[in-house]
Amino acid sequence: MTRFFTWVAFLALPGTLYIASSGSGGVLESATAALSGTRSIPDQVSFRRLCAGRINKQRTEQRFPIVHDDEPLQEKLERLVVATKKPSLLGLDEVFKAVQADFPGARQLSATLVYHPNPASLAPSVADWAQTAGPDFDSLSTVVFRDGYRQGCLAMLSSRLPDFDLDAANEKGGEFIQRCPHCGRHHAVKLARRSRTLILRCPDCEKVCEVLGSGTDGVLRRAPDFLTSYQMADNAALLRLPPAERLKRVYAAVLEHCHYAHDDNGSGSGNLEIWKAPAETWLDASGDCEDTAILLADALISAGLDARVAIGWNLQIGQHSWCVVRIGGVQHVLETTLEDPPATIDPIAVNGEEYRAEQLFDRKHVYTLAPEAKSAGMSPYLDCWNPAWWQAIPDSPLITKRERGLDDPAAFATMPAP
Ligand SMILES: [Zn+2]
């Protein structure tokens, strides 16, 4: 059976490296130069450009990566300086703390306060300071200010992880910072491009934050987004039947139409695990366990039934995916890799212990097994709708929307009329 879990590698967020320094080149007697007393943005921008030009020239010579703007961090520093009556008294510890509070993905920060009697020499002073910093920075922020009759600059070199969002992950992979929707703590996430099924787990509270699958187009999506409201061609007729009859017909149609096929069948691509949208599985008339489980759950939901896709372990098969359904208070495990429909659809008490789900999902939510459920008197696997055991992952504000074609109903084939 397909092995489709790839556990994402979590980087424990490395202790943020702070480097602080402050230098004083003297006191400016009269404010005369271009920087004089201003906190206006155009001057801030041109000063930053000036510094970045010098710093990047040095960094290029040293074969270090050049530094870019980090606008959110720049704005944060400007607000900090503006809020301070005497910026020269701003402690760098205080600055680091404030920056980390707003940007938990900040991995390395280096800052300095520079003063110079001649404002035109501020930029070279910032560049001299930057030369002592290491290669691991990718952004520069500078805030020039007037402090009484002095001119000064708060400069910061930084390297921070971007917030996790699916669009960015799909675009280039890499490292991100994610806020755990359960405990609210931040942690770093590294997405390996070869990973297909990603189960993101918080290293602090150890709960699952998100389940992502990779579609046939290579795009990572949230598991619920693979349920695309697919319906059987005779769905309207199905809806007039009693629920048990609907279940029987849809289950039989999926088993009879689709045969089991490995993702890498013929392609030799080995460990690549792809999740198909329901219409794709139907059109191919084949799929592996999660493909057919997704198709069946989606078609059952369209037929007015309460169904979920399960991913977890089967005691005989190993890693596996299947479908669970609930009708009138009775739950059933639906194995979707069978060649023929079973003679009877047993209640979950008969075979449920063999199917140990770790995650369930429907069109809206991923439900994850609560840690305390495993020590419950009754097996959590026998009640896939128990809200105390199967907890919906709260919506994470960092996870982006569903996108593109999969949501387009016109993109889906329906079952041809018999
Ligand atoms: Zn957590």
# chains A, B, ... in the order shown; residues from 1 in each chain; ligands from 1

call {"tool": "residues_near_ligand", "arguments": {"ligand": "ligand 1", "cutoff": "9 Å", "atoms": "only C-alpha atoms and all ligand atoms", "output": "MDAnalysis selection string"}}
result
chainID A and resid 179:187 201:209

call {"tool": "write_last_selection", "arguments": {"atoms": "C-alpha atoms", "output": "PDB file, in the first residue's frame"}}
result
ATOM      1  CA  ARG A 179       1.628  30.191  14.198  1.00  0.00           C
ATOM      2  CA  CYS A 180       0.130  27.142  15.841  1.00  0.00           C
ATOM      3  CA  PRO A 181      -3.675  27.476  15.712  1.00  0.00           C
ATOM      4  CA  HIS A 182      -3.925  25.487  18.970  1.00  0.00           C
ATOM      5  CA  CYS A 183      -1.383  27.033  21.325  1.00  0.00           C
ATOM      6  CA  GLY A 184      -0.577  30.244  19.463  1.00  0.00           C
ATOM      7  CA  ARG A 185       3.173  29.682  19.576  1.00  0.00           C
ATOM      8  CA  HIS A 186       5.303  30.201  16.513  1.00  0.00           C
ATOM      9  CA  HIS A 187       7.544  27.631  14.991  1.00  0.00           C
ATOM     10  CA  ARG A 201       2.655  19.303  13.742  1.00  0.00           C
ATOM     11  CA  CYS A 202       3.392  21.916  16.372  1.00  0.00           C
ATOM     12  CA  PRO A 203       6.660  21.128  18.167  1.00  0.00           C
ATOM     13  CA  ASP A 204       5.347  22.841  21.313  1.00  0.00           C
ATOM     14  CA  CYS A 205       1.892  21.363  21.905  1.00  0.00           C
ATOM     15  CA  GLU A 206       2.476  18.463  19.497  1.00  0.00           C
ATOM     16  CA  LYS A 207      -0.938  18.868  17.913  1.00  0.00           C
ATOM     17  CA  VAL A 208      -1.417  18.703  14.176  1.00  0.00           C
ATOM     18  CA  CYS A 209      -1.714  22.186  12.684  1.00  0.00           C
TER      19      CYS A 209
END

call {"tool": "select_by_dssp", "arguments": {"residues": "range 170-408 of chain A", "states": "strand (DSSP E)", "output": "ChimeraX atom specification"}}
result
/A:174-179,186-191,198-201,208-214,220-222,259-260,286-287,306-314,318-327,330-334,355-361,366-369,390-392

call {"tool": "select_by_dssp", "arguments": {"residues": "range 161-399 of chain A", "states": "alpha helix (DSSP H)", "output": "PyMOL selection string"}}
result
chain A and resi 166-172+235-238+243-257+278-284+289-302+348-351

call {"tool": "write_last_selection", "arguments": {"atoms": "C-alpha atoms", "output": "short mmCIF file (atom, residue, chain, number, x, y, z; two decimals), in the first residue's frame"}}
result
data_model
loop_
_atom_site.label_atom_id
_atom_site.label_comp_id
_atom_site.auth_asym_id
_atom_site.auth_seq_id
_atom_site.Cartn_x
_atom_site.Cartn_y
_atom_site.Cartn_z
CA LEU A 166 0.45 28.17 0.74
CA ASP A 167 1.03 30.42 -2.23
CA ALA A 168 4.57 31.16 -1.16
CA ALA A 169 5.18 27.52 -0.25
CA ASN A 170 4.00 26.47 -3.68
CA GLU A 171 6.04 29.10 -5.40
CA LYS A 172 9.40 28.35 -3.92
CA ASN A 235 -27.22 12.63 -7.63
CA ALA A 236 -30.67 14.21 -7.87
CA ALA A 237 -32.25 10.75 -8.11
CA LEU A 238 -30.05 9.47 -5.28
CA PRO A 243 -29.86 7.15 3.14
CA ALA A 244 -28.81 3.49 3.42
CA GLU A 245 -29.68 2.97 -0.25
CA ARG A 246 -27.75 6.09 -1.27
CA LEU A 247 -24.70 4.79 0.58
CA LYS A 248 -24.96 1.39 -1.06
CA ARG A 249 -25.27 2.81 -4.57
CA VAL A 250 -22.53 5.42 -4.35
CA TYR A 251 -20.11 3.00 -2.68
CA ALA A 252 -20.82 0.34 -5.32
CA ALA A 253 -20.47 2.85 -8.17
CA VAL A 254 -17.04 4.02 -6.96
CA LEU A 255 -15.73 0.47 -6.37
CA GLU A 256 -17.01 -0.81 -9.70
CA HIS A 257 -15.81 2.16 -11.69
CA PRO A 278 -12.49 13.46 -7.24
CA ALA A 279 -13.19 14.28 -10.88
CA GLU A 280 -9.70 13.17 -11.86
CA THR A 281 -10.06 9.84 -10.09
CA TRP A 282 -13.42 9.29 -11.75
CA LEU A 283 -12.11 10.24 -15.16
CA ASP A 284 -9.05 7.97 -14.80
CA CYS A 289 -6.33 4.63 -1.41
CA GLU A 290 -6.60 8.35 -0.67
CA ASP A 291 -7.75 9.17 -4.23
CA THR A 292 -10.73 6.83 -4.04
CA ALA A 293 -11.44 7.70 -0.39
CA ILE A 294 -11.60 11.38 -1.34
CA LEU A 295 -13.86 10.62 -4.32
CA LEU A 296 -16.20 8.46 -2.25
CA ALA A 297 -16.43 10.86 0.71
CA ASP A 298 -17.12 13.81 -1.60
CA ALA A 299 -19.79 11.95 -3.59
CA LEU A 300 -21.43 10.75 -0.35
CA ILE A 301 -21.53 14.28 1.04
CA SER A 302 -23.11 15.45 -2.24
CA ILE A 348 -17.78 0.28 12.47
CA ALA A 349 -17.82 -1.94 15.58
CA VAL A 350 -17.10 -4.94 13.34
CA ASN A 351 -13.90 -3.77 11.66
#

call {"tool": "residues_around", "arguments": {"residues": "range 303-314 of chain A", "least_positions_apart": "4", "cutoff": "6 Å", "atoms": "only C-alpha atoms", "output": "PyMOL selection string"}}
result
chain A and resi 239+293+297+318-326+354-362

call {"tool": "write_last_selection", "arguments": {"atoms": "C-alpha atoms", "output": "PDB file, in the first residue's frame"}}
result
ATOM      1  CA  LEU A 239     -31.323  12.198  -2.998  1.00  0.00           C
ATOM      2  CA  ALA A 293     -11.442   7.701  -0.388  1.00  0.00           C
ATOM      3  CA  ALA A 297     -16.434  10.864   0.709  1.00  0.00           C
ATOM      4  CA  GLY A 318       0.140  -0.090   7.245  1.00  0.00           C
ATOM      5  CA  GLN A 319      -0.256   3.536   6.235  1.00  0.00           C
ATOM      6  CA  HIS A 320      -3.579   3.871   4.611  1.00  0.00           C
ATOM      7  CA  SER A 321      -6.548   6.046   3.766  1.00  0.00           C
ATOM      8  CA  TRP A 322     -10.243   5.159   3.723  1.00  0.00           C
ATOM      9  CA  CYS A 323     -13.648   6.703   4.136  1.00  0.00           C
ATOM     10  CA  VAL A 324     -15.990   6.793   7.136  1.00  0.00           C
ATOM     11  CA  VAL A 325     -19.698   7.536   6.975  1.00  0.00           C
ATOM     12  CA  ARG A 326     -22.426   8.055   9.556  1.00  0.00           C
ATOM     13  CA  GLU A 354      -8.393  -2.412  12.386  1.00  0.00           C
ATOM     14  CA  TYR A 355      -8.657   1.081  10.937  1.00  0.00           C
ATOM     15  CA  ARG A 356      -6.833   3.534  13.161  1.00  0.00           C
ATOM     16  CA  ALA A 357      -7.298   7.017  11.849  1.00  0.00           C
ATOM     17  CA  GLU A 358      -4.914   9.765  12.867  1.00  0.00           C
ATOM     18  CA  GLN A 359      -6.656  12.503  10.924  1.00  0.00           C
ATOM     19  CA  LEU A 360     -10.102  12.852   9.425  1.00  0.00           C
ATOM     20  CA  PHE A 361     -11.271  15.522   7.055  1.00  0.00           C
ATOM     21  CA  ASP A 362     -14.399  16.720   5.320  1.00  0.00           C
TER      22      ASP A 362
END

call {"tool": "closest_residue", "arguments": {"among": "A:Tyr367, A:Pro341, A:Glu353, A:Leu241", "to": "Gln316 in chain A", "atoms": "only C-alpha atoms"}}
result
A:Glu353

call {"tool": "residues_around", "arguments": {"residues": "Pro135 in chain A", "least_positions_apart": "2", "cutoff": "7 Å", "atoms": "only C-alpha atoms", "output": "PyMOL selection string"}}
result
chain A and resi 64-65+133+137

call {"tool": "closest_residue", "arguments": {"among": "A:Ala285, A:Cys258, A:Ile317, A:Leu212", "to": "Val366 in chain A", "atoms": "only C-alpha atoms"}}
result
A:Leu212

call {"tool": "closest_residue", "arguments": {"among": "A:Leu50, A:Ile55, A:Ala155, A:Val114", "to": "Phe96 in chain A", "atoms": "only C-alpha atoms"}}
result
A:Ala155

call {"tool": "atom_distance", "arguments": {"atom1": "CA of Val45 in chain A", "atom2": "CA of Gly152 in chain A"}}
result
15.3 Å

call {"tool": "atom_distance", "arguments": {"atom1": "CA of Ala52 in chain A", "atom2": "CA of Ala101 in chain A"}}
result
25.6 Å

call {"tool": "residues_around", "arguments": {"residues": "Arg54 in chain A", "least_positions_apart": "6", "cutoff": "12 Å", "atoms": "only C-alpha atoms", "output": "compact mmCIF listing (two decimals) with N, CA and C atoms, in the first residue's frame"}}
result
# COMPACT_ATOMS: atom_id res chain seq x y z
N PHE A 47 18.10 57.55 2.26
CA PHE A 47 19.22 57.21 3.14
C PHE A 47 19.48 55.70 3.12
N ARG A 48 18.39 54.95 3.16
CA ARG A 48 18.55 53.49 3.14
C ARG A 48 19.20 53.02 1.84
N THR A 60 29.32 42.19 -1.88
CA THR A 60 29.61 41.54 -3.15
C THR A 60 31.09 41.17 -3.21
N GLU A 61 31.93 42.10 -2.75
CA GLU A 61 33.38 41.81 -2.75
C GLU A 61 33.69 40.62 -1.85
N ILE A 66 23.60 39.87 -1.04
CA ILE A 66 23.31 41.29 -0.81
C ILE A 66 22.07 41.43 0.08
N VAL A 67 21.94 42.61 0.67
CA VAL A 67 20.78 42.86 1.54
C VAL A 67 19.70 43.61 0.78
N LEU A 122 27.08 59.77 8.03
CA LEU A 122 26.30 58.71 8.70
C LEU A 122 26.28 57.42 7.88
N ALA A 123 26.05 57.57 6.58
CA ALA A 123 25.95 56.38 5.73
C ALA A 123 27.25 55.57 5.74
N PRO A 124 28.41 56.20 5.57
CA PRO A 124 29.65 55.43 5.67
C PRO A 124 29.82 54.76 7.04
N SER A 125 29.36 55.44 8.10
CA SER A 125 29.47 54.82 9.44
C SER A 125 28.62 53.57 9.52
N VAL A 126 27.41 53.65 8.95
CA VAL A 126 26.54 52.47 8.94
C VAL A 126 27.20 51.36 8.14
N ALA A 127 27.81 51.74 7.01
CA ALA A 127 28.45 50.73 6.15
C ALA A 127 29.64 50.11 6.85
N ASP A 128 30.40 50.92 7.61
CA ASP A 128 31.55 50.38 8.36
C ASP A 128 31.09 49.37 9.39
N TRP A 129 30.00 49.72 10.05
CA TRP A 129 29.44 48.79 11.04
C TRP A 129 28.99 47.49 10.37
N ALA A 130 28.31 47.65 9.24
CA ALA A 130 27.74 46.47 8.56
C ALA A 130 28.83 45.52 8.12
N GLN A 131 30.01 46.09 7.86
CA GLN A 131 31.10 45.24 7.38
C GLN A 131 31.52 44.21 8.44
N LEU A 140 18.24 45.06 5.19
CA LEU A 140 18.76 46.23 5.91
C LEU A 140 17.62 47.20 6.16
